[in-house]
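First up is the structure itself, then whatever we jot down about it.
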Amino acid sequence: MPANHGLDVAYQTLYSELVQRSLDESFTSEFSSNGRFVAAEVKGKKYWYFDMPKPEGGGQDRRYVGPVDDPEITKRVEAFKDLKADLKGRRRLVSTLVREAYLPRP
């Protein structure tokens, strides 16, 4: 039976999960996790905008995304919320791997 060299299987699984979730995010996200989607009414119709904090501070940069009644756009806005929540989960995975498995921070 070969000797087991390397990481414990639990850490290998966590690492594999982190890699997969990061790849999923990179393929589906075109908006920064620092920003947020907002619905705003203009002339009686609702539209999605993406607000991003200005790098120098003092407000937001707003980018038009599309109408709220477009199901594809609204689906992407909802997916973004899930991706943003997943970012927090990935950060916890990294923290665990760094702290307990002594792996370098990516």
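Scheme for the structure tokens: letters A, B, ... for chains in order shown; per-chain residue numbers from 1; ligand numbers from 1 in order shown.
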
Residues at most 12 Å from region 8-25 of chain A, counting only C-alpha atoms, excluding those fewer than 5 positions away in the same chain, as a PyMOL selection string? chain A and resi 30-33+79-106

DSSP says helix (DSSP H, G or I) for which residues of chain A? Put them as a VMD selection string? chain A and resid 9 to 28 71 to 100

Picked from region 2-71 of chain A by DSSP as strand (DSSP E or B), as a ChimeraX atom specification: /A:36-42,45-53,60-67

Val77 (chain A) surroundings by only C-alpha atoms, 12 Å radius, close-in-sequence under 6 positions cut, as a list of chain:residue names: A:Thr28, A:Ser29, A:Glu30, A:Phe31, A:Gly35, A:Arg36, A:Phe37, A:Val38, A:Ala39, A:Tyr47, A:Trp48, A:Tyr49, A:Phe50, A:Val65, A:Gly66, A:Pro67, A:Val68, A:Asp69, A:Asp70, A:Pro71, A:Leu83, A:Lys84
